[in-house]
$ cat target29.txt   # compact mmCIF, C-alpha atoms
# COMPACT_ATOMS: atom_id res chain seq x y z
CA MET A 111 27.74 66.37 15.03
CA ARG A 112 30.14 64.11 13.14
CA ASN A 113 30.29 61.65 16.06
CA LYS A 114 26.49 61.61 16.17
CA LYS A 115 26.35 60.66 12.48
CA ILE A 116 28.88 57.86 13.02
CA TRP A 117 26.77 56.48 15.87
CA LEU A 118 23.64 56.63 13.69
CA VAL A 119 25.44 54.68 10.95
CA LEU A 120 26.64 52.06 13.43
CA LEU A 121 23.16 51.71 14.91
CA SER A 122 21.72 51.27 11.40
CA LEU A 123 24.26 48.56 10.59
CA LEU A 124 23.49 46.81 13.88
CA PHE A 125 19.75 46.95 13.12
CA VAL A 126 20.34 45.44 9.64
CA ALA A 127 22.47 42.67 11.16
CA ILE A 128 19.74 41.86 13.68
CA LEU A 129 17.20 41.67 10.87
CA GLY A 130 19.55 39.37 8.93
CA VAL A 131 19.91 36.99 11.87
CA SER A 132 16.15 37.02 12.31
CA ALA A 133 15.64 36.22 8.64
CA LEU A 134 18.08 33.31 8.89
CA ALA A 135 16.24 32.02 11.92
CA GLU A 136 12.94 32.24 10.04
CA SER A 137 14.38 30.24 7.13
CA GLU A 138 15.39 27.24 9.28
CA TYR A 139 12.59 25.29 7.57
CA ARG A 140 11.92 25.35 3.84
CA THR A 141 8.35 25.59 2.57
CA LEU A 142 7.08 22.08 1.78
CA LYS A 143 4.40 21.31 -0.78
CA LYS A 144 3.06 18.46 -2.92
CA GLY A 145 5.83 16.84 -4.95
CA ASP A 146 8.62 17.61 -2.45
CA GLU A 147 10.59 14.85 -0.78
CA GLY A 148 13.42 14.50 1.70
CA LYS A 149 14.37 14.10 5.33
CA ASP A 150 12.48 17.23 6.39
CA VAL A 151 9.26 15.86 4.83
CA LEU A 152 9.76 12.58 6.71
CA ALA A 153 10.43 14.41 9.99
CA LEU A 154 7.30 16.54 9.60
CA LYS A 155 5.07 13.54 8.88
CA LYS A 156 6.46 11.60 11.85
CA ALA A 157 5.83 14.61 14.09
CA MET A 158 2.29 14.89 12.73
CA TYR A 159 1.76 11.20 13.57
CA TRP A 160 2.31 12.02 17.25
CA LEU A 161 -0.29 14.74 16.88
CA GLY A 162 -2.73 12.19 15.46
CA TYR A 163 -2.76 13.31 11.82
CA PHE A 164 -1.32 10.03 10.48
CA THR A 165 -2.46 6.57 11.57
CA THR A 166 1.03 5.04 11.47
CA GLU A 167 4.57 6.20 12.13
CA ASN A 168 5.80 4.18 9.13
CA VAL A 169 5.48 7.07 6.68
CA SER A 170 7.45 7.89 3.53
CA ASP A 171 9.53 10.96 2.71
CA GLN A 172 7.10 11.92 -0.08
CA TYR A 173 4.88 15.02 0.20
CA ASN A 174 1.90 13.50 -1.65
CA GLY A 175 -1.85 13.97 -1.81
CA THR A 176 -2.38 12.28 1.56
CA THR A 177 0.14 14.63 3.15
CA VAL A 178 -1.69 17.64 1.70
CA GLU A 179 -4.95 16.34 3.14
CA ARG A 180 -3.47 15.80 6.62
CA VAL A 181 -1.71 19.19 6.64
CA MET A 182 -5.03 20.85 5.80
CA MET A 183 -6.61 19.05 8.78
CA LEU A 184 -3.81 20.32 11.01
CA GLN A 185 -4.19 23.86 9.67
CA LYS A 186 -7.94 23.78 10.25
CA ASN A 187 -7.58 22.56 13.84
CA ASN A 188 -5.02 25.29 14.55
CA GLY A 189 -6.98 28.17 13.00
CA MET A 190 -4.71 28.53 9.98
CA GLU A 191 -5.55 28.94 6.31
CA GLU A 192 -6.18 25.48 4.81
CA THR A 193 -3.65 25.53 1.95
CA GLY A 194 -2.12 22.08 2.39
CA ILE A 195 1.34 23.73 2.23
CA ALA A 196 3.70 23.31 5.18
CA THR A 197 5.15 26.76 5.66
CA PRO A 198 8.10 27.38 8.01
CA GLU A 199 5.54 28.86 10.45
CA LEU A 200 3.50 25.66 10.43
CA GLN A 201 6.59 23.47 10.89
CA GLU A 202 7.75 25.58 13.84
CA LEU A 203 4.32 25.10 15.41
CA VAL A 204 4.43 21.32 14.88
CA PHE A 205 7.92 20.87 16.35
CA SER A 206 7.25 23.25 19.25
CA GLY A 207 4.78 20.81 20.79
CA ASN A 208 2.08 23.50 20.96
CA ALA A 209 0.02 22.41 17.96
CA VAL A 210 -3.55 21.26 18.56
CA LYS A 211 -3.74 17.45 18.50
CA THR A 212 -6.52 15.31 17.12
CA ASP A 213 -8.69 13.17 19.38
CA THR A 214 -6.83 10.06 18.19
CA ALA A 215 -3.30 11.34 18.87
CA PRO A 216 -0.96 8.80 20.57
CA LYS A 217 -0.46 9.46 24.27
CA ALA A 218 2.80 7.57 24.74
CA SER A 219 5.48 10.22 24.31
CA PRO A 220 6.02 13.89 23.36
CA VAL A 221 6.37 15.23 19.86
CA PRO A 222 9.75 14.15 18.42
CA THR A 223 12.20 16.73 17.14
CA PRO A 224 13.45 16.78 13.55
CA SER A 225 16.66 15.01 14.59
CA PRO A 226 18.16 12.49 14.77
CA THR A 227 17.07 11.47 11.27
CA PRO A 228 15.53 7.97 11.14
CA ILE A 229 17.13 5.31 8.97
CA PRO A 230 15.13 5.31 5.70
CA PRO A 231 13.88 2.02 4.20
CA LYS A 232 16.15 0.44 1.58
CA GLY A 233 14.79 -0.52 -1.83
CA PRO A 234 16.29 -1.78 -5.10
CA GLU A 235 19.31 0.19 -6.31
CA ALA A 236 20.38 -1.44 -9.59
CA THR A 237 19.15 0.01 -12.88
CA PRO A 238 18.19 -2.79 -15.28
CA SER A 239 18.71 -2.40 -19.02
CA MET A 240 15.18 -2.22 -20.39
CA PRO A 241 13.91 -3.08 -23.90
CA PRO A 242 11.89 -0.58 -25.96
CA LEU A 243 8.53 0.02 -24.30
CA THR A 244 5.25 1.66 -25.23
CA GLU A 245 3.88 4.63 -23.30
CA GLU A 246 1.76 2.16 -21.32
CA GLY A 247 4.87 0.21 -20.30
CA PHE A 248 4.37 -2.84 -22.53
CA LEU A 249 6.90 -4.24 -25.02
CA ALA A 250 7.12 -2.13 -28.17
CA GLU A 251 6.93 -3.68 -31.63
CA ASP A 252 10.67 -3.14 -32.15
CA ALA A 253 11.58 -4.91 -28.89
CA GLU A 254 12.45 -8.05 -30.91
CA MET A 255 11.29 -10.33 -28.09
CA GLU A 256 8.02 -11.80 -26.87
CA GLU A 257 8.72 -11.46 -23.16
CA PHE A 258 11.26 -9.65 -21.02
CA VAL A 259 12.32 -11.15 -17.69
CA TYR A 260 14.59 -9.49 -15.12
CA ILE A 261 15.40 -11.16 -11.82
CA ASN A 262 17.80 -9.64 -9.29
CA GLU A 263 17.03 -11.31 -5.99
CA ALA A 264 20.01 -9.78 -4.19
CA ASP A 265 18.85 -6.27 -5.10
CA GLY A 266 15.16 -7.06 -4.65
CA ARG A 267 13.75 -6.46 -8.15
CA TRP A 268 11.67 -8.69 -10.41
CA ILE A 269 10.30 -7.54 -13.80
CA TYR A 270 8.19 -9.30 -16.41
CA ILE A 271 6.90 -7.53 -19.53
CA THR A 272 5.10 -8.63 -22.70
CA SER A 273 2.99 -6.73 -25.22
CA SER A 274 -0.04 -7.06 -22.92
CA VAL A 275 1.18 -7.28 -19.31
CA SER A 276 3.77 -5.39 -17.27
CA ILE A 277 4.90 -6.44 -13.79
CA ASP A 278 7.43 -4.53 -11.68
CA LEU A 279 7.99 -6.03 -8.24
CA LYS A 280 10.28 -4.43 -5.65
CA ARG A 281 11.43 -5.49 -2.18
CA TYR A 282 11.94 -2.96 0.62
CA THR A 283 13.70 -3.36 3.96
CA ASP A 284 13.20 -1.15 7.00
CA VAL A 285 15.86 -2.17 9.51
CA GLU A 286 14.78 0.38 12.10
CA ASN A 287 11.21 -0.99 12.24
CA THR A 288 12.13 -4.65 11.54
CA LEU A 289 10.11 -4.86 8.36
CA VAL A 290 10.40 -6.40 4.89
CA TRP A 291 7.73 -5.88 2.26
CA PHE A 292 7.12 -6.20 -1.48
CA GLU A 293 5.39 -3.70 -3.76
CA GLY A 294 4.10 -4.68 -7.18
CA ASP A 295 3.12 -2.21 -9.89
CA ILE A 296 1.06 -4.14 -12.43
CA HIS A 297 -0.49 -3.18 -15.77
CA THR A 298 -2.74 -5.59 -17.65
CA THR A 299 -5.02 -5.57 -20.69
CA ASP A 300 -8.19 -7.35 -21.72
CA GLU A 301 -5.94 -10.00 -23.26
CA THR A 302 -4.14 -10.78 -19.97
CA PRO A 303 -6.50 -9.90 -17.11
CA MET A 304 -6.01 -10.58 -13.42
CA THR A 305 -7.00 -14.26 -13.14
CA ALA A 306 -8.17 -16.59 -10.36
CA TYR A 307 -6.89 -20.17 -10.19
CA LEU A 308 -8.71 -22.77 -8.09
CA SER A 309 -7.81 -26.25 -6.97
CA ASN A 310 -9.75 -28.91 -8.90
CA PRO A 311 -11.24 -26.25 -11.24
CA ASP A 312 -13.20 -28.73 -13.36
CA GLY A 313 -14.44 -30.88 -10.49
CA LYS A 314 -17.69 -30.88 -8.59
CA TYR A 315 -16.32 -28.62 -5.85
CA PRO A 316 -13.77 -26.21 -7.35
CA GLY A 317 -11.72 -24.41 -4.72
CA LYS A 318 -12.43 -26.85 -1.90
CA ALA A 319 -9.43 -29.19 -2.08
CA TYR A 320 -6.16 -28.02 -0.49
CA ALA A 321 -3.04 -27.58 -2.58
CA ASN A 322 0.42 -26.07 -2.26
CA PRO A 323 0.18 -22.52 -3.69
CA MET A 324 3.46 -23.06 -5.53
CA THR A 325 1.95 -26.11 -7.20
CA LEU A 326 -1.06 -24.08 -8.33
CA ALA A 327 1.23 -21.34 -9.68
CA ARG A 328 3.49 -23.75 -11.54
CA GLU A 329 0.72 -25.91 -12.96
CA ASN A 330 -0.95 -22.81 -14.39
CA GLN A 331 2.41 -21.22 -15.34
CA VAL A 332 1.53 -17.99 -13.52
CA VAL A 333 4.26 -15.33 -13.55
CA LEU A 334 3.21 -13.36 -10.45
CA ALA A 335 0.90 -15.14 -8.01
CA ILE A 336 -0.49 -14.42 -4.56
CA THR A 337 -2.73 -16.28 -2.16
CA ASP A 338 -6.13 -14.59 -1.91
CA ASP A 339 -9.13 -14.88 0.44
CA HIS A 340 -8.58 -18.59 1.37
CA PHE A 341 -12.33 -19.12 1.11
CA GLY A 342 -11.90 -22.90 0.78
CA ASP A 343 -10.60 -23.12 4.33
CA ARG A 344 -13.79 -21.55 5.69
CA TRP A 345 -15.83 -23.82 3.43
CA ASN A 346 -14.07 -26.92 4.75
CA GLY A 347 -14.38 -25.69 8.33
CA GLY A 348 -18.13 -25.19 8.14
CA VAL A 349 -17.78 -21.40 8.41
CA ARG A 350 -19.52 -18.95 6.08
CA PRO A 351 -17.18 -18.45 3.13
CA GLY A 352 -18.77 -15.17 2.00
CA VAL A 353 -19.96 -14.19 -1.46
CA ILE A 354 -17.57 -16.02 -3.79
CA VAL A 355 -17.55 -15.70 -7.58
CA ARG A 356 -14.62 -17.04 -9.56
CA ASN A 357 -14.12 -16.73 -13.30
CA GLY A 358 -17.77 -15.73 -13.74
CA LYS A 359 -19.17 -18.71 -11.80
CA ILE A 360 -20.89 -18.70 -8.41
CA ILE A 361 -18.96 -20.77 -5.85
CA HIS A 362 -20.69 -19.57 -2.67
CA ASP A 363 -23.33 -17.08 -1.63
CA ASN A 364 -23.30 -17.40 2.15
CA THR A 365 -22.23 -14.36 4.15
CA PHE A 366 -23.34 -12.45 7.24
CA LYS A 367 -24.74 -8.98 7.75
CA ASP A 368 -22.45 -5.99 7.67
CA GLY A 369 -21.19 -4.59 10.95
CA GLN A 370 -20.95 -7.77 13.03
CA GLY A 371 -17.39 -6.89 13.98
CA LYS A 372 -15.87 -10.25 13.10
CA PHE A 373 -12.49 -10.84 11.51
CA PRO A 374 -12.47 -11.39 8.64
CA ASN A 375 -15.60 -9.31 8.17
CA LEU A 376 -16.16 -10.87 4.70
CA GLU A 377 -16.31 -7.52 2.94
CA VAL A 378 -16.00 -7.93 -0.81
CA LEU A 379 -13.55 -6.93 -3.50
CA ALA A 380 -15.25 -7.23 -6.91
CA VAL A 381 -13.20 -7.39 -10.11
CA PHE A 382 -15.12 -6.40 -13.26
CA GLN A 383 -14.67 -7.47 -16.88
CA ASP A 384 -13.32 -4.03 -17.79
CA GLY A 385 -10.41 -4.45 -15.37
CA SER A 386 -11.86 -2.19 -12.69
CA MET A 387 -12.22 -3.02 -8.98
CA LYS A 388 -14.81 -1.94 -6.43
CA THR A 389 -15.16 -2.73 -2.73
CA PHE A 390 -18.48 -3.56 -1.06
CA LYS A 391 -19.91 -4.40 2.35
CA SER A 392 -20.34 -8.09 3.10
CA ASP A 393 -24.08 -8.18 2.34
CA ALA A 394 -24.26 -5.45 -0.31
CA HIS A 395 -25.12 -7.84 -3.17
CA THR A 396 -25.78 -11.49 -3.88
CA ALA A 397 -23.44 -13.50 -6.08
CA GLN A 398 -25.92 -13.37 -8.96
CA GLU A 399 -26.25 -9.61 -8.63
CA TYR A 400 -22.47 -9.28 -8.94
CA ILE A 401 -22.47 -11.40 -12.10
CA ASP A 402 -25.33 -9.31 -13.53
CA MET A 403 -23.17 -6.22 -12.85
CA GLY A 404 -20.35 -7.64 -14.98
CA VAL A 405 -18.19 -8.98 -12.14
CA VAL A 406 -15.76 -11.79 -12.96
CA ASN A 407 -14.30 -12.47 -9.50
CA THR A 408 -15.23 -11.58 -5.95
CA TYR A 409 -12.96 -11.98 -2.94
CA ALA A 410 -14.51 -12.16 0.53
CA PHE A 411 -12.18 -11.32 3.40
CA GLY A 412 -11.45 -7.71 4.39
CA PRO A 413 -11.42 -5.25 5.80
CA ILE A 414 -11.65 -2.71 3.01
CA LEU A 415 -8.51 -0.55 3.26
CA VAL A 416 -9.29 2.22 0.79
CA GLU A 417 -12.70 3.09 -0.63
CA ASN A 418 -13.31 5.78 -3.24
CA GLY A 419 -9.81 7.12 -2.62
CA GLN A 420 -10.37 7.51 1.14
CA LEU A 421 -9.48 5.45 4.19
CA SER A 422 -12.26 2.99 5.00
CA GLU A 423 -14.24 3.31 8.21
CA TYR A 424 -12.31 0.47 9.85
CA MET A 425 -9.01 2.20 9.14
CA LEU A 426 -10.23 5.17 11.17
CA ARG A 427 -10.86 3.02 14.26
CA ASP A 428 -7.81 2.83 16.52
CA GLU A 429 -9.11 -0.26 18.29
CA TYR A 430 -9.71 -2.36 15.18
CA TYR A 431 -7.46 -5.44 15.00
CA THR A 432 -4.23 -3.69 16.01
CA PHE A 433 -1.64 -6.42 15.41
CA ARG A 434 1.54 -6.60 13.34
CA GLU A 435 1.16 -9.58 11.04
CA PRO A 436 2.24 -10.90 7.64
CA ARG A 437 -0.13 -9.23 5.17
CA CYS A 438 -1.31 -9.65 1.60
CA SER A 439 -3.32 -6.91 -0.10
CA ILE A 440 -4.21 -5.55 -3.50
CA GLY A 441 -5.66 -2.34 -4.85
CA MET A 442 -6.60 -0.54 -8.05
CA ILE A 443 -5.08 2.74 -9.19
CA GLU A 444 -7.19 2.72 -12.33
CA PRO A 445 -8.76 -0.08 -14.42
CA HIS A 446 -6.09 -2.61 -15.43
CA HIS A 447 -3.54 -0.81 -13.22
CA TYR A 448 -3.05 -2.50 -9.86
CA PHE A 449 -0.86 -2.14 -6.79
CA LEU A 450 0.15 -5.26 -4.87
CA LEU A 451 1.50 -5.13 -1.31
CA VAL A 452 2.78 -8.17 0.59
CA ALA A 453 4.55 -7.82 3.95
CA LYS A 454 6.64 -10.49 5.61
CA GLY A 455 6.00 -11.22 9.27
CA ARG A 456 6.66 -13.55 12.20
CA THR A 457 10.33 -13.74 11.20
CA SER A 458 13.55 -12.39 12.69
CA ASP A 459 13.90 -9.76 9.96
CA SER A 460 10.25 -8.70 9.76
CA LYS A 461 7.56 -8.45 12.43
CA GLY A 462 4.75 -7.70 9.99
CA VAL A 463 2.60 -4.59 9.62
CA TYR A 464 -0.61 -3.07 10.90
CA LEU A 465 -3.67 -2.87 8.68
CA THR A 466 -3.46 0.92 8.87
CA TRP A 467 0.07 0.73 7.48
CA LEU A 468 -1.28 -1.10 4.43
CA ALA A 469 -4.01 1.49 3.96
CA ASP A 470 -1.69 4.49 4.28
CA LYS A 471 0.81 2.95 1.87
CA MET A 472 -1.95 2.36 -0.68
CA LEU A 473 -3.13 5.94 -0.43
CA GLU A 474 0.42 7.15 -0.99
CA LYS A 475 0.59 5.06 -4.17
CA GLY A 476 -2.64 6.49 -5.56
CA VAL A 477 -4.88 3.48 -4.91
CA VAL A 478 -8.60 4.30 -5.03
CA GLU A 479 -9.92 0.85 -4.04
CA GLY A 480 -7.77 -1.24 -1.68
CA PHE A 481 -8.51 -4.57 -0.02
CA ASN A 482 -6.94 -6.80 2.63
CA LEU A 483 -6.66 -10.46 1.66
CA ASP A 484 -5.85 -13.37 3.96
CA GLY A 485 -2.51 -12.78 5.66
CA GLY A 486 -0.74 -14.54 8.52
CA GLY A 487 0.57 -17.96 7.57
CA THR A 488 -1.52 -17.96 4.40
CA ALA A 489 0.16 -14.98 2.71
CA ALA A 490 2.39 -16.17 -0.12
CA LEU A 491 4.02 -14.29 -2.99
CA MET A 492 5.48 -16.17 -5.97
CA PHE A 493 7.35 -15.02 -9.07
CA MET A 494 8.12 -17.40 -11.94
CA GLY A 495 7.25 -20.34 -9.68
CA LYS A 496 9.55 -19.30 -6.81
CA MET A 497 8.40 -18.28 -3.32
CA LEU A 498 9.65 -14.82 -2.34
CA ASN A 499 8.23 -13.91 1.06
CA LYS A 500 8.84 -17.09 3.06
CA SER A 501 10.76 -20.34 3.07
CA THR A 502 9.15 -23.24 1.26
CA ASN A 503 8.92 -25.31 4.45
CA THR A 504 6.55 -22.76 6.00
CA VAL A 505 4.11 -22.65 3.08
CA ARG A 506 0.47 -23.18 4.10
CA ALA A 507 -1.77 -25.17 1.78
CA THR A 508 -4.53 -23.13 0.18
CA THR A 509 -7.37 -23.75 -2.24
CA SER A 510 -6.92 -20.83 -4.64
CA ILE A 511 -4.47 -18.24 -5.86
CA THR A 512 -4.72 -15.12 -8.01
CA GLY A 513 -2.15 -14.14 -10.59
CA PHE A 514 -0.90 -12.03 -13.45
CA GLY A 515 0.73 -13.19 -16.67
CA ASN A 516 1.51 -16.67 -17.95
CA SER A 517 4.82 -17.94 -19.28
CA ASP A 518 6.21 -21.23 -20.53
CA PHE A 519 9.29 -20.51 -18.43
CA VAL A 520 7.33 -21.06 -15.20
CA LYS A 521 7.99 -24.66 -14.15
$ encode --input "target29.txt" --output "structure tokens"
Amino acid sequence: MRNKKIWLVLLSLLFVAILGVSALAESEYRTLKKGDEGKDVLALKKAMYWLGYFTTENVSDQYNGTTVERVMMLQKNNGMEETGIATPELQELVFSGNAVKTDTAPKASPVPTPSPTPIPPKGPEATPSMPPLTEEGFLAEDAEMEEFVYINEADGRWIYITSSVSIDLKRYTDVENTLVWFEGDIHTTDETPMTAYLSNPDGKYPGKAYANPMTLARENQVVLAITDDHFGDRWNGGVRPGVIVRNGKIIHDNTFKDGQGKFPNLEVLAVFQDGSMKTFKSDAHTAQEYIDMGVVNTYAFGPILVENGQLSEYMLRDEYYTFREPRCSIGMIEPHHYFLLVAKGRTSDSKGVYLTWLADKMLEKGVVEGFNLDGGGTAALMFMGKMLNKSTNTVRATTSITGFGNSDFVK
């Protein structure tokens, strides 16, 4: 009887040990939810790309709103409760290769495993000493300065702040995917709005003459400047420029009907007096109608990247203009709060990005209206009069730029 009891105890201990091993096996993956970040988040999103739930493999390690949305799609397609939370069970399904794919899933290779871990992009690392700021990020009254300038080119960080404008520009490098890009977080006010600058602004044909974009930036003492829709080049070439309004004045009102499939499709980004942005189809409104709506500037290029907080229709088409190129884009997070994204391309250190990469990045940053401006050889990014994304001997002449902030130090 005693031996029987000993055997029962041993069997019980063995059963507990088996359960413990099973529990450890079940906890190989942690539960992931909105706000989490890390290598496991990055691995999950890359695996979901191969299942078709992300449009680009260049994803971040942030579990954000877009990730929640895509996880819910995956859960729906696999008959799971649509919580948007990546449980260990869901992750095991994804990495097993047995998850249901979307119709747009890549067909090149099988689902990757969580390892080896990809090399993450490198961004600025230094921590600048900042002056006193308001809650909105502008200079506080006790800052004892009119403007704050921080430039650390080696680290990839440029900052400019006054009592009415705040610019934080960062450079990122992705060695694994041969990519260099710049992200700008910009806050403005009614006193210092986003402003368009045209060549020959007071002449008979403003925005038609060509000029070096650096010259335009320096002459107007613009702190942060980008090239925009390059409408003057289409004008000079006898091509429809699109619906163009600059600084409240009609420059052109010649576009084509929506859906013609051309590139650029001349969709419109409208900037309103209240600092808000809204995207429109190419023929949605006339120039006068935009002005009557309170629009100050319209940019005609496209495609729309993000519309009403969602990917635009073109960003859901796998066949639409699938090339890695230098890119220049801008979006609105909320009125007077903008996100700028410029990617280098056609260089040894950066091959450029896909349009879908721009759109996904904007969604991750909380952009609700995002727009693609003229890229390629046109794309130029300047800070305090200095070119950042290309060498000065490769600068293409343009007829207009758009910028934020003005300073006497820009020469």
$ closest_residue --input "target29.txt" --among "A:Ala469, A:Leu249, A:Val405, A:Val353" --to "Leu450 in chain A" --atoms "only C-alpha atoms"
A:Ala469
$ atom_distance --input "target29.txt" --atom1 "CA of Asp312 in chain A" --atom2 "CA of Pro351 in chain A"
19.8 Å
$ closest_residue --input "target29.txt" --among "A:Met304, A:Leu465, A:Ile440, A:Val520" --to "Asn407 in chain A" --atoms "only C-alpha atoms"
A:Met304
$ atom_distance --input "target29.txt" --atom1 "CA of His340 in chain A" --atom2 "CA of Ile401 in chain A"
20.6 Å
$ closest_atom_pairs --input "target29.txt" --of "range 387-474 of chain A" --to "range 179-182 of chain A" --cutoff "12 Å" --atoms "only C-alpha atoms" --output "tab-separated table"
residue	atom	partner	partner_atom	distance
A:Gly419	CA	A:Glu179	CA	11.9
A:Gln420	CA	A:Glu179	CA	10.6
A:Leu421	CA	A:Glu179	CA	11.8
A:Asp470	CA	A:Arg180	CA	11.7
A:Leu473	CA	A:Glu179	CA	11.1
A:Glu474	CA	A:Glu179	CA	11.4
$ write_last_selection --input "target29.txt" --atoms "C-alpha atoms" --output "CSV table (one decimal), in the frame of the given file"
chain,number,residue,atom,x,y,z
A,419,GLY,CA,-9.8,7.1,-2.6
A,420,GLN,CA,-10.4,7.5,1.1
A,421,LEU,CA,-9.5,5.4,4.2
A,470,ASP,CA,-1.7,4.5,4.3
A,473,LEU,CA,-3.1,5.9,-0.4
A,474,GLU,CA,0.4,7.2,-1.0
$ residues_around --input "target29.txt" --residues "Phe164 in chain A" --least-positions-apart "6" --cutoff "9 Å" --atoms "all atoms listed in the file" --output "ChimeraX atom specification"
/A:155-156,158,177,180,215,470
$ write_last_selection --input "target29.txt" --atoms "C-alpha atoms" --output "mmCIF file, in the coordinates of the input"
data_model
loop_
_atom_site.group_PDB
_atom_site.id
_atom_site.type_symbol
_atom_site.label_atom_id
_atom_site.label_comp_id
_atom_site.auth_asym_id
_atom_site.auth_seq_id
_atom_site.Cartn_x
_atom_site.Cartn_y
_atom_site.Cartn_z
ATOM 1 C CA LYS A 155 5.070 13.540 8.880
ATOM 2 C CA LYS A 156 6.460 11.600 11.850
ATOM 3 C CA MET A 158 2.290 14.890 12.730
ATOM 4 C CA THR A 177 0.140 14.630 3.150
ATOM 5 C CA ARG A 180 -3.470 15.800 6.620
ATOM 6 C CA ALA A 215 -3.300 11.340 18.870
ATOM 7 C CA ASP A 470 -1.690 4.490 4.280
#
$ closest_residue --input "target29.txt" --among "A:Ala319, A:Val290, A:Val151, A:Ala236" --to "Ile261 in chain A" --atoms "all atoms listed in the file"
A:Ala236
$ decode --input "target29.txt" --residues "range 178-189 of chain A" --atoms "N, CA and C atoms" --output "compact mmCIF listing (two decimals), in the first residue's frame"
# COMPACT_ATOMS: atom_id res chain seq x y z
N VAL A 178 -3.38 47.45 -35.08
CA VAL A 178 -4.65 46.95 -34.52
C VAL A 178 -5.63 46.63 -35.64
N GLU A 179 -5.72 47.56 -36.60
CA GLU A 179 -6.65 47.38 -37.73
C GLU A 179 -6.29 46.15 -38.54
N ARG A 180 -4.99 45.96 -38.82
CA ARG A 180 -4.57 44.82 -39.65
C ARG A 180 -4.71 43.50 -38.90
N VAL A 181 -4.45 43.51 -37.59
CA VAL A 181 -4.63 42.29 -36.79
C VAL A 181 -6.10 41.89 -36.77
N MET A 182 -7.00 42.87 -36.69
CA MET A 182 -8.43 42.56 -36.71
C MET A 182 -8.83 41.94 -38.05
N MET A 183 -8.24 42.42 -39.15
CA MET A 183 -8.50 41.82 -40.46
C MET A 183 -8.04 40.36 -40.47
N LEU A 184 -6.85 40.12 -39.92
CA LEU A 184 -6.32 38.76 -39.87
C LEU A 184 -7.22 37.86 -39.02
N GLN A 185 -7.65 38.39 -37.87
CA GLN A 185 -8.52 37.60 -36.99
C GLN A 185 -9.84 37.27 -37.68
N LYS A 186 -10.40 38.24 -38.40
CA LYS A 186 -11.66 38.01 -39.10
C LYS A 186 -11.51 36.92 -40.15
N ASN A 187 -10.43 36.99 -40.94
CA ASN A 187 -10.22 36.03 -42.01
C ASN A 187 -9.93 34.62 -41.49
N ASN A 188 -9.51 34.54 -40.21
CA ASN A 188 -9.17 33.23 -39.65
C ASN A 188 -10.18 32.77 -38.61
N GLY A 189 -11.39 33.42 -38.61
CA GLY A 189 -12.47 32.98 -37.74
C GLY A 189 -12.23 33.21 -36.27
